[in-house]
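Comments concern the structure below.
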There are 4 protein chains.
Amino acid sequence: MKNIVILGASGYTGAELVRLLAGHPSMSISALSADRKAGMEYGNVFPHLRHLRLPTLCKIDEIDFDGVDLVFCALPHATSQRVIKKLPGHVKIVDLSADFRLRDVGEYTKWYGGEHDAVELQKSAVYGLTEFYRDEIKNARLVAGTGCNAATGLLPILPLLEANLIDPDEIIIDLLTGVSGAGRAAKEGMLHAEVSEGTHAYAIASHRHLGEFDQEFSKAAGRDVKVSFTPHLLPQNRGILATIYVRGEAEAIHKALVSRYKDEPFVYMLPFGEAPATRHVRGSNYCHIGVVADRKQGRAIVFSALDNLTKGSSGQALQNANIMLGLDERMGLEMAPLFP
Amino acid sequence: MKNIVILGASGYTGAELVRLLAGHPSMSISALSADRKAGMEYGNVFPHLRHLRLPTLCKIDEIDFDGVDLVFCALPHATSQRVIKKLPGHVKIVDLSADFRLRDVGEYTKWYGGEHDAVELQKSAVYGLTEFYRDEIKNARLVAGTGCNAATGLLPILPLLEANLIDPDEIIIDLLTGVSGAGRAAKEGMLHAEVSEGTHAYAIASHRHLGEFDQEFSKAAGRDVKVSFTPHLLPQNRGILATIYVRGEAEAIHKALVSRYKDEPFVYMLPFGEAPATRHVRGSNYCHIGVVADRKQGRAIVFSALDNLTKGSSGQALQNANIMLGLDERMGLEMAPLFP
Amino acid sequence: MKNIVILGASGYTGAELVRLLAGHPSMSISALSADRKAGMEYGNVFPHLRHLRLPTLCKIDEIDFDGVDLVFCALPHATSQRVIKKLPGHVKIVDLSADFRLRDVGEYTKWYGGEHDAVELQKSAVYGLTEFYRDEIKNARLVAGTGCNAATGLLPILPLLEANLIDPDEIIIDLLTGVSGAGRAAKEGMLHAEVSEGTHAYAIASHRHLGEFDQEFSKAAGRDVKVSFTPHLLPQNRGILATIYVRGEAEAIHKALVSRYKDEPFVYMLPFGEAPATRHVRGSNYCHIGVVADRKQGRAIVFSALDNLTKGSSGQALQNANIMLGLDERMGLEMAPLFP
Amino acid sequence: MKNIVILGASGYTGAELVRLLAGHPSMSISALSADRKAGMEYGNVFPHLRHLRLPTLCKIDEIDFDGVDLVFCALPHATSQRVIKKLPGHVKIVDLSADFRLRDVGEYTKWYGGEHDAVELQKSAVYGLTEFYRDEIKNARLVAGTGCNAATGLLPILPLLEANLIDPDEIIIDLLTGVSGAGRAAKEGMLHAEVSEGTHAYAIASHRHLGEFDQEFSKAAGRDVKVSFTPHLLPQNRGILATIYVRGEAEAIHKALVSRYKDEPFVYMLPFGEAPATRHVRGSNYCHIGVVADRKQGRAIVFSALDNLTKGSSGQALQNANIMLGLDERMGLEMAPLFP
């Protein structure tokens with residue numbers, strides 16, 4: 001049994017980790033931190049988990065890391081780097097914040113502002129897109145979970161750039177996302193009355209996950225790639241759908257993706273011509289990908305859907321943790337989606 | 001490994017059974033029937049389950065019941081009785097329809113109309129409220145799953161009538177339910193545009209689950225009990241909340257329920273004065289119960305919340321099937337609720 | 001043309017007033033205040049109203065009240081009384097807060113805490129339930145808008161107590177309300193992710209609108225009346241549905257209500273045996289009331305539905321303002337509900 | 001007072017027409033038809049309109065068209081053409097179906113299949129995009145309402161093609177739409193349980209409104225234009241948001257649209273760099289348009305939002321009817337949006 005600590009357990013990604021770990025046969029939670037809610041029972045913060053026996057929430061500095069195998073760090077951006085650099089050397093770390101996603105210090109500053117507080121660690125961190133960094137993750141001490149929007153766009157497109165099947169200069173990622181990605185902080189714009197029965201685009205052409213797209217797409221293509229990216233907020237809690245307009249032959253694109261993902265446990269290719277729905281991956285670690293030919297020759301539309309809290313963050317984090325600890329990477333992650 | 005068949009697998013309760021069985025270590029699905037969709041792949045009917053390897057949907061008479069241990073029957077009312085009476089004697093049956101819930105033939109006709117087609121079976125069927133019929137379920141061939149609304153009202157109130165803690169003539173069950181209980185059939189009244197952003201009461205003072213309340217409450221009280229019962233339709237998919245107005249001492253009521261349910265794996269008592277929320281049991285087999293004192297002395301409000309598709313039907317069915325097959329009744333049912 | 005000021009215009013009831021006044025032929029908005037948002041264009045605070053020409057938001061003390069006929073005060077409880085007592089004597093006031101609803105100073109302190117800051121005004125304020133205080137409203141300087149839940153319960157029940165048709169000791173008000181009643185302040189519990197796809201009861205047996213129920217029901221019955229009252233939060237934005245359990249003859253109750261409301265422009269009685277839905281009054285000033293016989297003799301269930309932001313607050317406020325200013329009380333209020 | 005008939009009044013666009021006409025000072029409804037619901041009171045079909053005095057639903061052939069000024073035809077596609085060709089010559093007609101939108105007979109057959117049954121009428125029909133066909137509408141006998149998706153895409157893009165500000169070969173219309181556009185017919189895919197809490201694309205690269213885009217964009221550009229078009233279904237009732245990727249200078253695009261629409265009563269341009277939300281036009285006849293520069297030079301993203309039942313169909317129809325009858329085109333249409 002591996003001993004696990006979750007830092008920043010009072011947010012949605014923290015709760016999702018607890019939900020997943022509750023069904024994991026080889027991991028046990030030894031501490032849960034949440035600075036402002038220290039002293040509270042976890043079941044009072046997240047009543048859907050009140051049937052579980054869990055440690056009382058504590059402050060980070062109250063945690064004894066002796067014997068701890070792995071820490072999930074679900075703290076806010078910027079806080080995360082300051083906490084992680086003080087963690088003892090024997091613990092492995094999966095970070096769910098944005099702090100260690102960008103390998104280039106300048107890019108970090110460009111997208112997130114300010115100086116990075118743990119530059120050395122940043123350099124050694126492995127980008128947590130499991131399907132593309134599995135070998136590095138196996139030996140990593142620190143894995144940086146991807147952005148949830150980034151994961152949704154990277155999974156269908158990276159193989160196409162690697163195989164030179166699409167024009168790198170003509171990629172438009174139109175993305176729809178549920179509200180849980182914005183976290184549990186009380187914000188006017190995330191109230192039910194503001195969000196339900198409506199939709200709108202936000203962070204147009206300026207969303208921070210562009211930093212991840214630039215980094216990973218450019219690496220895959222072997223040259224600079226800049227995509228257009230427009231996220232929209234949907235009146236639903238979970239789920240991201242990316243609708244991606246590309247130049248390339250639709251059938252070849254589909255064939256390449258089928259081949260690339262045929263052995264991946266959590267990426268599922270739909271038959272050619274079909275498109276996925278977020279409701280069909282809700283609460284699961286699956287990503288569904290579909291390819292449809294556009295009416296204009298030489299163009300295709302690639303769709304990908306995943307649950308932002310699972311495959312987009314906490315499920316991906318657990319998948320990586322399994323690999324880092326030498327466990328079967330599917331452990332605790334094979335529950336079917338919840339529908340309706 | 002037990003061989004399982006699901007009849008009527010194209011509805012929501014059927015899909016919920018498949019979801020649950022996908023995570024069950026000792027059951028394997030050997031056939032799925034759906035007469036009108038026979039020949040279709042299950043993943044095309046319920047794309048959220050397309051990652052599973054499942055038998056193609058077939059007609060009931062194509063199924064070979066040799067070697068089958070248990071059949072879940074998720075067929076519509078009235079159809080169910082006609083199918084079940086033809087099933088071979090060696091298979092055990094958990095029926096999710098209303099056909100075998102009422103022990104009295106006259107009551108059946110009163111609430112559902114028409115003659116019962118399998119009167120002998122009806123007499124031998126065991127009512128599937130696990131927490132009250134566990135011993136009979138253990139040895140039953142046919143268990144009749146409770147109505148989802150009935151389960152929500154019976155769990156908190158039956159122990160109070162048995163212990164004589166409340167006035168049997170003064171029970172008002174006000175109930176709120178999500179739309180998935182109405183099934184997947186296309187009805188104007190269940191369209192998103194009709195249901196969302198609104199609420200209303202339906203089947204007022206005449207809902208068929210009153211037959212189950214009458215039967216079980218009268219048995220528990222040792223006298224005739226008739227409750228008032230008003231269900232309301234909510235703009236949400238899963239979840240039932242019963243708000244029950246009773247005469248009795250709130251603290252004594254809470255204490256009695258805590259004592260009654262302390263060893264039950266799926267009934268969770270909230271601290272005195274707290275009330276449950278449907279979102280905190282979504283997708284799980286848990287029932288949360290709370291007790292609050294009214295401002296009027298000698299009156300209390302008892303709340304209970306469960307997921308109609310899980311503890312209210314398919315989860316309850318699997319719990320009973322586990323018992324009938326000699327397995328741990330919690331098997332395949334301990335996943336945590338999905339929130340948000 | 002009457003000159004109108006709205007104080008506290010940055011909340012939902014303020015925006016609802018602006019929406020209604022935009023279609024009012026005899027009222028014109030001369031100032032909109034919102035202390036923390038002073039200086040902002042109204043269309044940036046509420047973009048659905050950006051097509052209107054409206055005054056820039058200002059601070060209260062920047063407003064010139066000369067020539068102002070009436071002030072709608074949509075400020076928070078407690079703030080309202082301090083502001084209103086300083087308003088010049090020539091302006092009429094409709095207050096949407098709770099500050100002037102309770103005639104008894106002790107009751108005010110009991111339900112809202114603290115001393116009342118404008119006791120003299122409190123005594124002279126008229127309770128704004130139009131259908132019961134129309135004559136007093138005509139001559140009032142200060143009208144106190146009712147609680148939205150209170151209005152929903154009072155309209156169907158007051159006539160029954162006045163006519164002695166129901167037992168005053170046996171009234172249970174079970175109520176379902178949308179989230180907009182909680183206002184626009186950012187609270188964790190009102191986030192979309194927290195509210196959607198779930199329901200729960202809150203402020204059980206302790207909701208502040210009980211003060212209004214006690215006051216008005218006791219007055220109508222000529223004796224002390226205490227009701228049981230359980231509000232529930234629904235995953236919808238607008239609409240309140242009250243399901244009220246009473247002792248009395250259902251048909252007599254229906255007949256009395258039909259008679260009582262036959263000339264009221266905004267209270268609509270459904271045929272006997274039918275129940276209303278919140279979606280059918282959304283965005284309108286109508287209240288729909290229905291009566292159904294319980295299965296237990298001598299008991300009935302009375303339903304009432306209204307839109308909390310319209311008939312429950314801002315629409316009611318405008319109806320009262322019309323009366324206070326000698327206008328047709330229906331002015332600006334006859335738009336049909338919005339469905340779906 | 002103009003006498004109005006609505007054919008096919010039992011669907012959502014029919015109900016929306018009734019809602020709008022209820023507030024129209026110069027139109028009066030003399031008949032409402034709905035073949036399968038003939039004989040029913042309108043308030044039983046749409047209870048949100050039960051407070052109105054309306055004609056009982058009838059069959060079309062029961063209607064006396066003497067003295068009728070204008071007919072709104074809200075019948076299904078294909079039925080509409082057969083009914084309209086039999087209407088007496090003195091009535092003007094606004095058709096809300098797709099039957100008369102495409103001027104080319106071959107295009108009609110291509111997108112809708114079958115032969116057109118009223119080819120002569122088809123040729124004389126005027127396309128109902130008010131802002132571009134106002135003069136023709138003034139003198140038309142038959143106006144064909146646009147598709148709701150088509151209107152959302154045409155309004156922001158037509159002026160840009162006319163002014164040669166964007167590349168006609170590089171237009172991608174990514175569109176999000178609520179469910180009410182699918183009508184009130186009971187379909188499995190439109191159930192609340194299927195639609196809520198999820199999103200997906202449909203009719204990818206093959207939606208019938210492409211016929212309208214082709215026709216109008218080609219006319220505006222003076223050459224063949226074929227756009228890419230991907231509609232998505234959202235878990236909300238009303239509202240369409242088009243996110244349109246174009247090649248051109250964003251500021252010039254914004255400036256051109258501001259200039260083009262500065263005198264239009266129902267098209268509202270947002271400040272440069274802002275994007276609209278469907279919730280801010282709900283229930284109104286307004287269309288909000290925004291322009292944002294892409295991060296890639298020479299590219300822009302143009303957004304437009306409207307309510308599919310109002311500006312997208314019934315509101316547009318009324319606006320055209322006002323023009324055809326010589327009334328102020330804003331009559332009955334200036335109600336503010338409903339939010340929240």
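Letters for chains follow the order of the structure tokens (A, B, ...), residue numbers begin at 1 for each chain, and ligand numbers begin at 1 in the order shown.
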- Task: Could you list, as a VMD selection string, the residues of chain B having an atom within 7 Å of chain D when counting only C-alpha atoms?
- Result: chain B and resid 179 to 180 184 to 188 190 to 193 195 237
Put those residues in a file: N, CA and C atoms, as a compact mmCIF listing (two decimals), in the first residue's frame.
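Writing done, so here's again_30.txt:
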# COMPACT_ATOMS: atom_id res chain seq x y z
N VAL B 179 -35.54 13.68 -13.53
CA VAL B 179 -36.29 13.21 -14.67
C VAL B 179 -35.94 11.79 -15.11
N SER B 180 -34.79 11.28 -14.71
CA SER B 180 -34.41 9.98 -15.27
C SER B 180 -35.34 8.87 -14.82
N ARG B 184 -36.37 6.50 -20.68
CA ARG B 184 -35.79 7.06 -21.91
C ARG B 184 -36.81 7.20 -23.03
N ALA B 185 -38.06 6.82 -22.79
CA ALA B 185 -39.07 6.96 -23.85
C ALA B 185 -39.26 8.43 -24.18
N ALA B 186 -39.44 8.74 -25.44
CA ALA B 186 -39.59 10.13 -25.88
C ALA B 186 -40.99 10.63 -25.54
N LYS B 187 -41.07 11.54 -24.60
CA LYS B 187 -42.34 12.15 -24.21
C LYS B 187 -42.18 13.66 -24.23
N GLU B 188 -43.17 14.37 -24.73
CA GLU B 188 -43.11 15.83 -24.79
C GLU B 188 -42.77 16.42 -23.43
N MET B 190 -41.04 15.47 -21.08
CA MET B 190 -39.69 15.22 -20.56
C MET B 190 -38.60 15.85 -21.43
N LEU B 191 -39.01 16.63 -22.42
CA LEU B 191 -38.02 17.35 -23.23
C LEU B 191 -37.25 18.35 -22.37
N HIS B 192 -36.03 18.60 -22.75
CA HIS B 192 -35.23 19.59 -22.01
C HIS B 192 -35.95 20.93 -21.94
N ALA B 193 -36.52 21.35 -23.07
CA ALA B 193 -37.17 22.66 -23.11
C ALA B 193 -38.39 22.72 -22.19
N VAL B 195 -38.70 20.77 -19.28
CA VAL B 195 -38.37 20.43 -17.89
C VAL B 195 -37.42 21.43 -17.25
N ASN B 237 -31.27 15.42 -13.52
CA ASN B 237 -31.42 14.07 -14.06
C ASN B 237 -31.59 13.00 -13.00
Which region 22-43 of chain B residues have any atom within 12 Å of an atom of region 74-96 of chain B, and for each, what is the nearest pair of atoms with distance in Å to one decimal, counting only C-alpha atoms, rows sorted by chain and number, as JSON lines?
{"residue": "B:Leu32", "atom": "CA", "partner": "B:Ala74", "partner_atom": "CA", "distance": 10.6}
{"residue": "B:Ser33", "atom": "CA", "partner": "B:Leu75", "partner_atom": "CA", "distance": 9.7}
{"residue": "B:Ala34", "atom": "CA", "partner": "B:Leu75", "partner_atom": "CA", "distance": 8.8}
{"residue": "B:Asp35", "atom": "CA", "partner": "B:Leu75", "partner_atom": "CA", "distance": 10.1}
- Enumerate the residues of region 147-271 of chain A with a DSSP assignment of helix (DSSP H, G or I), computed from the backbone, and present them as an NGL selection string. :A and (148-162 or 179-182 or 188-190 or 192-195 or 209-221 or 250-261)
Using C-alpha atoms, can you export the residues from the last selection as a tab-separated table (two decimals), in the first residue's frame?
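Now in again07.tsv:
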chain	number	residue	atom	x	y	z
A	148	CYS	CA	-7.48	20.48	-18.91
A	149	ASN	CA	-8.11	22.43	-22.11
A	150	ALA	CA	-4.57	21.68	-23.23
A	151	ALA	CA	-5.04	17.93	-22.81
A	152	THR	CA	-8.25	18.05	-24.84
A	153	GLY	CA	-6.53	19.78	-27.73
A	154	LEU	CA	-3.17	18.00	-27.56
A	155	LEU	CA	-4.38	14.41	-27.62
A	156	PRO	CA	-6.03	14.56	-31.05
A	157	ILE	CA	-3.56	16.93	-32.71
A	158	LEU	CA	-0.08	15.94	-31.54
A	159	PRO	CA	-0.01	12.67	-33.51
A	160	LEU	CA	-1.07	14.53	-36.63
A	161	LEU	CA	1.77	17.04	-36.35
A	162	GLU	CA	4.26	14.28	-35.59
A	179	VAL	CA	-17.76	25.39	-15.14
A	180	SER	CA	-15.94	23.08	-12.72
A	181	GLY	CA	-12.67	23.97	-14.40
A	182	ALA	CA	-12.98	27.38	-12.80
A	188	GLU	CA	-19.93	36.29	-9.48
A	189	GLY	CA	-19.42	35.02	-12.99
A	190	MET	CA	-19.69	31.40	-11.87
A	192	HIS	CA	-25.77	29.44	-11.22
A	193	ALA	CA	-27.88	32.46	-12.12
A	194	GLU	CA	-25.06	33.83	-14.29
A	195	VAL	CA	-23.98	30.64	-16.02
A	209	HIS	CA	-3.23	27.19	-22.03
A	210	LEU	CA	-1.92	28.64	-25.30
A	211	GLY	CA	1.50	28.40	-23.65
A	212	GLU	CA	1.12	24.63	-23.47
A	213	PHE	CA	-0.20	24.38	-27.00
A	214	ASP	CA	2.75	26.39	-28.32
A	215	GLN	CA	5.27	24.29	-26.41
A	216	GLU	CA	3.93	20.87	-27.30
A	217	PHE	CA	2.77	21.53	-30.84
A	218	SER	CA	6.06	23.17	-31.74
A	219	LYS	CA	7.98	20.23	-30.31
A	220	ALA	CA	5.85	17.77	-32.26
A	221	ALA	CA	6.13	19.67	-35.51
A	250	ALA	CA	-9.86	13.32	-43.02
A	251	GLU	CA	-9.56	9.60	-43.59
A	252	ALA	CA	-5.79	9.62	-43.29
A	253	ILE	CA	-6.14	11.62	-40.10
A	254	HIS	CA	-8.60	9.14	-38.68
A	255	LYS	CA	-6.44	6.21	-39.65
A	256	ALA	CA	-3.37	7.75	-38.02
A	257	LEU	CA	-5.20	8.41	-34.79
A	258	VAL	CA	-6.67	4.91	-34.68
A	259	SER	CA	-3.21	3.49	-35.13
A	260	ARG	CA	-1.62	5.85	-32.60
A	261	TYR	CA	-4.16	5.11	-29.86
- Query: Within 9 Å of region 129-133 of chain D, counting only C-alpha atoms, which residues qualify if same-chain residues fewer than 2 places away don't, as a PyMOL selection string?
  - Reply: chain D and resi 126-127+135-138+144-146+151+154-155+158+261+264+267+316+319-320
- Task: as a PyMOL selection string, please: all residues of region 82-211 of chain C that backbone DSSP puts in strand (DSSP E).
- Result: chain C and resi 92-95+126-127+142-144+172-177+200-201
- Query: Using only C-alpha atoms, which residues sit within 10 Å of Asp64 (chain A) once same-chain residues fewer than 3 positions away are excluded, as a PyMOL selection string?
  - Reply: chain A and resi 5+30-31+60-61+67-68
Grab the residues selected above and save them as a PDB file, in the first residue's frame with C-alpha atoms.
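Below is the file again-v3.pdb, written as the result:
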ATOM      1  CA  VAL A   5      -0.792  13.009   0.642  1.00  0.00           C
ATOM      2  CA  SER A  30      -2.367   9.642   4.976  1.00  0.00           C
ATOM      3  CA  ALA A  31      -2.956  13.400   5.011  1.00  0.00           C
ATOM      4  CA  ILE A  60       0.822  21.644   5.256  1.00  0.00           C
ATOM      5  CA  ASP A  61       3.411  22.131   7.956  1.00  0.00           C
ATOM      6  CA  GLY A  67       6.860   7.164   4.854  1.00  0.00           C
ATOM      7  CA  VAL A  68       4.913   9.167   2.318  1.00  0.00           C
TER       8      VAL A  68
END
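Distance-wise, CA of Asn285 (chain A) and CA of His48 (chain B) end up 11.6 Å apart.
The shell of residues at most 8 Å from Lys37 (chain A), with only C-alpha atoms counted and near chain neighbours (fewer than 4 positions) removed, consists of Ser10, Leu57 and Cys58 of chain A.
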- Query: For Gly298 (chain A), which residue among A:Glu107, A:Glu249, A:Asp263, A:Asp174 is the nearest when counting only C-alpha atoms?
  - Reply: A:Glu249
Excluding Leu49 (chain A) and any residue of its chain fewer than 5 positions from it, enumerate the residues within 8 Å of it, using only C-alpha atoms, and give them as a compact mmCIF listing (two decimals) with C-alpha atoms, in the first residue's frame.
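New file selection15.txt:
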# COMPACT_ATOMS: atom_id res chain seq x y z
CA ARG A 19 -13.09 10.13 -4.97
CA TYR A 42 -13.45 16.42 5.01
CA GLY A 43 -17.04 15.24 4.92
CA HIS B 280 -24.14 14.27 -2.56
CA ALA B 336 -18.19 7.28 -4.22
CA PRO B 337 -20.81 9.73 -5.49
- Message: At a cut-off of 9 Å, using only C-alpha atoms, what residues contact Ile172 (chain D)? Leave out same-chain residues fewer than 5 positions from it and give the result as an NGL selection string.
- Response: (:A and (245)) or (:D and (227-230 or 243-246))
Residue selection dump (N, CA and C atoms) as a short mmCIF file (atom, residue, chain, number, x, y, z; two decimals), in the first residue's frame:
data_model
loop_
_atom_site.label_atom_id
_atom_site.label_comp_id
_atom_site.auth_asym_id
_atom_site.auth_seq_id
_atom_site.Cartn_x
_atom_site.Cartn_y
_atom_site.Cartn_z
N TYR A 245 -10.46 22.57 -36.29
CA TYR A 245 -10.47 22.69 -37.74
C TYR A 245 -9.05 22.57 -38.27
N VAL D 227 -18.89 28.01 -46.96
CA VAL D 227 -18.29 28.11 -45.62
C VAL D 227 -18.20 26.73 -44.99
N SER D 228 -17.37 26.62 -43.98
CA SER D 228 -17.39 25.45 -43.10
C SER D 228 -18.32 25.79 -41.94
N PHE D 229 -19.11 24.81 -41.50
CA PHE D 229 -20.15 25.13 -40.52
C PHE D 229 -20.38 23.92 -39.60
N THR D 230 -20.14 24.13 -38.31
CA THR D 230 -20.33 23.06 -37.34
C THR D 230 -21.24 23.51 -36.22
N THR D 243 -19.49 31.61 -33.43
CA THR D 243 -18.09 32.03 -33.31
C THR D 243 -17.49 31.82 -34.69
N ILE D 244 -17.14 32.91 -35.34
CA ILE D 244 -16.81 32.84 -36.76
C ILE D 244 -15.37 33.27 -36.98
N TYR D 245 -14.60 32.35 -37.56
CA TYR D 245 -13.19 32.60 -37.81
C TYR D 245 -13.03 33.13 -39.23
N VAL D 246 -12.45 34.33 -39.36
CA VAL D 246 -12.30 34.94 -40.69
C VAL D 246 -10.88 35.48 -40.88
#
